[in-house]
Amino acid sequence: MNDDDLEFNSDRFEQVRNARNSETAEDYTEMIADLIRNAGEARAVDLAKHFGVTGPTVNSIIRRLVRDGLVVSKPYRSIFLTDKGQILADYCKKRHEIVYDFLIKIGVNSDTAKNDAEGIEHHVSAETLSVFEKYNK
């Protein structure tokens with residue numbers, strides 16, 4: 001392996017690390033938006049149940065999302081998306097739908113497509129997502 005190959009690999013792995021770091025924020029903002037749309041509110045207990053984590057884990061993540069300007073939260077109250085959080089949630093939902101629809105179009109069954117889209121959506125490049133979207137039309 002030459003130096004160019006090593007640099008390419010390090011860039012690729014950095015992209016994957018960055019995607020992993022943003023996955024939680026993306027998943028949480030998307031779920032908060034879904035809860036608000038479907039239940040009228042998003043509560044920490046509902047997020048914990050959905051993600052299969054503890055209340056303290058959700059609280060820690062919510063504190064990070066507040067710090068990042070994605071949500072507003074007060075003790076014993078619902079969680080709300082900021083404008084920035086809503087933009088992220090909408091983008092994630094659209095990206096998820098594009099990946100899911102692509103998987104369905106190429107013959108993946110619905111349950112598998114749901115599961116796979118959850119992971120792929122966080123790691124797919126803008127270029128690949130654009131190709132998926134064109135293929136879906």
# chains A, B, ... in the order shown; residues from 1 in each chain; ligands from 1
>>> select_by_dssp(residues="range 4-95 of chain A", states="strand (DSSP E)", output="NGL selection string")
:A and (71-73 or 79-81)
>>> write_last_selection(atoms="N, CA and C atoms", output="compact mmCIF listing (two decimals), in the first residue's frame")
# COMPACT_ATOMS: atom_id res chain seq x y z
N VAL A 71 -32.67 21.01 20.12
CA VAL A 71 -33.91 20.84 20.87
C VAL A 71 -33.97 21.83 22.03
N VAL A 72 -35.20 21.99 22.54
CA VAL A 72 -35.45 22.75 23.76
C VAL A 72 -36.11 21.78 24.71
N SER A 73 -35.62 21.74 25.94
CA SER A 73 -36.17 20.82 26.92
C SER A 73 -36.10 21.44 28.30
N ILE A 79 -40.25 17.57 24.94
CA ILE A 79 -39.05 17.99 24.23
C ILE A 79 -39.50 18.56 22.88
N PHE A 80 -38.95 19.70 22.52
CA PHE A 80 -39.33 20.37 21.28
C PHE A 80 -38.11 20.58 20.41
N LEU A 81 -38.30 20.47 19.10
CA LEU A 81 -37.23 20.76 18.16
C LEU A 81 -37.12 22.26 17.94
>>> atom_distance(atom1="CA of Asn59 in chain A", atom2="CA of Asp46 in chain A")
11.8 Å
>>> atom_distance(atom1="CA of Cys92 in chain A", atom2="CA of Glu26 in chain A")
6.4 Å
>>> select_by_dssp(residues="chain A", states="alpha helix (DSSP H)", output="PyMOL selection string")
chain A and resi 3-39+44-51+55-67+83-105+110-123+126-136
>>> residues_around(residues="Tyr76 in chain A", least_positions_apart="2", cutoff="9 Å", atoms="only C-alpha atoms", output="NGL selection string")
:A and (43-44 or 73-74 or 78)
>>> closest_residue(among="A:Thr112, A:Ile98, A:Gln86, A:His123", to="Arg37 in chain A", atoms="only C-alpha atoms")
A:Gln86
>>> closest_residue(among="A:Leu65, A:Glu127, A:Glu133, A:Gly107", to="Asp27 in chain A", atoms="only C-alpha atoms")
A:Leu65
>>> residues_around(residues="His96 in chain A", least_positions_apart="4", cutoff="8 Å", atoms="only C-alpha atoms", output="compact mmCIF listing (two decimals) with N, CA, C and O atoms, in the first residue's frame")
# COMPACT_ATOMS: atom_id res chain seq x y z
N CYS A 92 -33.26 14.16 7.53
CA CYS A 92 -33.04 12.74 7.85
C CYS A 92 -34.20 11.88 7.39
O CYS A 92 -34.00 10.78 6.87
N TYR A 100 -34.89 3.76 1.80
CA TYR A 100 -35.91 2.71 1.95
C TYR A 100 -36.57 2.42 0.59
O TYR A 100 -36.68 1.25 0.19
N ALA A 117 -32.21 0.40 5.90
CA ALA A 117 -32.27 1.84 5.65
C ALA A 117 -31.81 2.62 6.88
O ALA A 117 -31.16 3.66 6.76
N GLU A 118 -32.12 2.11 8.07
CA GLU A 118 -31.72 2.75 9.32
C GLU A 118 -30.21 2.92 9.40
O GLU A 118 -29.72 3.92 9.89
N GLU A 121 -28.70 4.99 5.77
CA GLU A 121 -29.00 6.42 5.65
C GLU A 121 -27.93 7.29 6.30
O GLU A 121 -27.71 8.42 5.87
>>> atom_distance(atom1="CA of Ala126 in chain A", atom2="CA of Glu30 in chain A")
18.6 Å
>>> residues_around(residues="Arg64 in chain A", least_positions_apart="5", cutoff="12 Å", atoms="only C-alpha atoms", output="list in words")
Asn21, Ser22, Thr24, Ala25, Tyr28, Thr29, Thr57, Val58, Asn59, Gly69, Leu70, Val71, Val72 and Ser73 of chain A
>>> write_last_selection(atoms="N, CA, C and O atoms", output="PDB file, in the first residue's frame")
ATOM      1  N   ASN A  21     -20.736   9.782  14.593  1.00  0.00           N
ATOM      2  CA  ASN A  21     -20.917  10.821  15.603  1.00  0.00           C
ATOM      3  C   ASN A  21     -22.227  11.573  15.424  1.00  0.00           C
ATOM      4  O   ASN A  21     -22.823  12.020  16.401  1.00  0.00           O
ATOM      5  N   SER A  22     -22.691  11.706  14.194  1.00  0.00           N
ATOM      6  CA  SER A  22     -23.928  12.442  13.962  1.00  0.00           C
ATOM      7  C   SER A  22     -25.167  11.546  13.982  1.00  0.00           C
ATOM      8  O   SER A  22     -26.291  12.048  14.044  1.00  0.00           O
ATOM      9  N   THR A  24     -26.595   9.675  16.266  1.00  0.00           N
ATOM     10  CA  THR A  24     -27.472   9.812  17.424  1.00  0.00           C
ATOM     11  C   THR A  24     -28.326  11.062  17.304  1.00  0.00           C
ATOM     12  O   THR A  24     -29.545  11.005  17.492  1.00  0.00           O
ATOM     13  N   ALA A  25     -27.706  12.183  16.984  1.00  0.00           N
ATOM     14  CA  ALA A  25     -28.467  13.425  16.834  1.00  0.00           C
ATOM     15  C   ALA A  25     -29.514  13.282  15.737  1.00  0.00           C
ATOM     16  O   ALA A  25     -30.657  13.728  15.897  1.00  0.00           O
ATOM     17  N   TYR A  28     -32.361  10.892  16.956  1.00  0.00           N
ATOM     18  CA  TYR A  28     -33.189  11.504  17.995  1.00  0.00           C
ATOM     19  C   TYR A  28     -34.047  12.631  17.433  1.00  0.00           C
ATOM     20  O   TYR A  28     -35.236  12.720  17.768  1.00  0.00           O
ATOM     21  N   THR A  29     -33.488  13.489  16.593  1.00  0.00           N
ATOM     22  CA  THR A  29     -34.318  14.575  16.061  1.00  0.00           C
ATOM     23  C   THR A  29     -35.430  14.007  15.171  1.00  0.00           C
ATOM     24  O   THR A  29     -36.570  14.477  15.236  1.00  0.00           O
ATOM     25  N   THR A  57     -29.689   7.754  29.953  1.00  0.00           N
ATOM     26  CA  THR A  57     -29.047   7.822  28.635  1.00  0.00           C
ATOM     27  C   THR A  57     -29.750   8.854  27.760  1.00  0.00           C
ATOM     28  O   THR A  57     -29.106   9.690  27.124  1.00  0.00           O
ATOM     29  N   VAL A  58     -31.078   8.816  27.739  1.00  0.00           N
ATOM     30  CA  VAL A  58     -31.842   9.785  26.958  1.00  0.00           C
ATOM     31  C   VAL A  58     -31.559  11.197  27.469  1.00  0.00           C
ATOM     32  O   VAL A  58     -31.321  12.115  26.682  1.00  0.00           O
ATOM     33  N   ASN A  59     -31.567  11.375  28.781  1.00  0.00           N
ATOM     34  CA  ASN A  59     -31.323  12.705  29.343  1.00  0.00           C
ATOM     35  C   ASN A  59     -29.959  13.247  28.943  1.00  0.00           C
ATOM     36  O   ASN A  59     -29.818  14.433  28.638  1.00  0.00           O
ATOM     37  N   GLY A  69     -28.089  23.080  20.011  1.00  0.00           N
ATOM     38  CA  GLY A  69     -29.128  23.938  19.460  1.00  0.00           C
ATOM     39  C   GLY A  69     -30.186  23.227  18.640  1.00  0.00           C
ATOM     40  O   GLY A  69     -30.871  23.847  17.822  1.00  0.00           O
ATOM     41  N   LEU A  70     -30.349  21.925  18.870  1.00  0.00           N
ATOM     42  CA  LEU A  70     -31.312  21.140  18.096  1.00  0.00           C
ATOM     43  C   LEU A  70     -32.656  20.968  18.787  1.00  0.00           C
ATOM     44  O   LEU A  70     -33.673  20.763  18.117  1.00  0.00           O
ATOM     45  N   VAL A  71     -32.669  21.008  20.122  1.00  0.00           N
ATOM     46  CA  VAL A  71     -33.914  20.842  20.871  1.00  0.00           C
ATOM     47  C   VAL A  71     -33.967  21.830  22.031  1.00  0.00           C
ATOM     48  O   VAL A  71     -32.956  22.375  22.452  1.00  0.00           O
ATOM     49  N   VAL A  72     -35.197  21.990  22.540  1.00  0.00           N
ATOM     50  CA  VAL A  72     -35.447  22.746  23.760  1.00  0.00           C
ATOM     51  C   VAL A  72     -36.112  21.779  24.710  1.00  0.00           C
ATOM     52  O   VAL A  72     -37.048  21.062  24.334  1.00  0.00           O
ATOM     53  N   SER A  73     -35.617  21.744  25.937  1.00  0.00           N
ATOM     54  CA  SER A  73     -36.174  20.818  26.922  1.00  0.00           C
ATOM     55  C   SER A  73     -36.098  21.436  28.302  1.00  0.00           C
ATOM     56  O   SER A  73     -35.101  22.059  28.660  1.00  0.00           O
TER      57      SER A  73
END
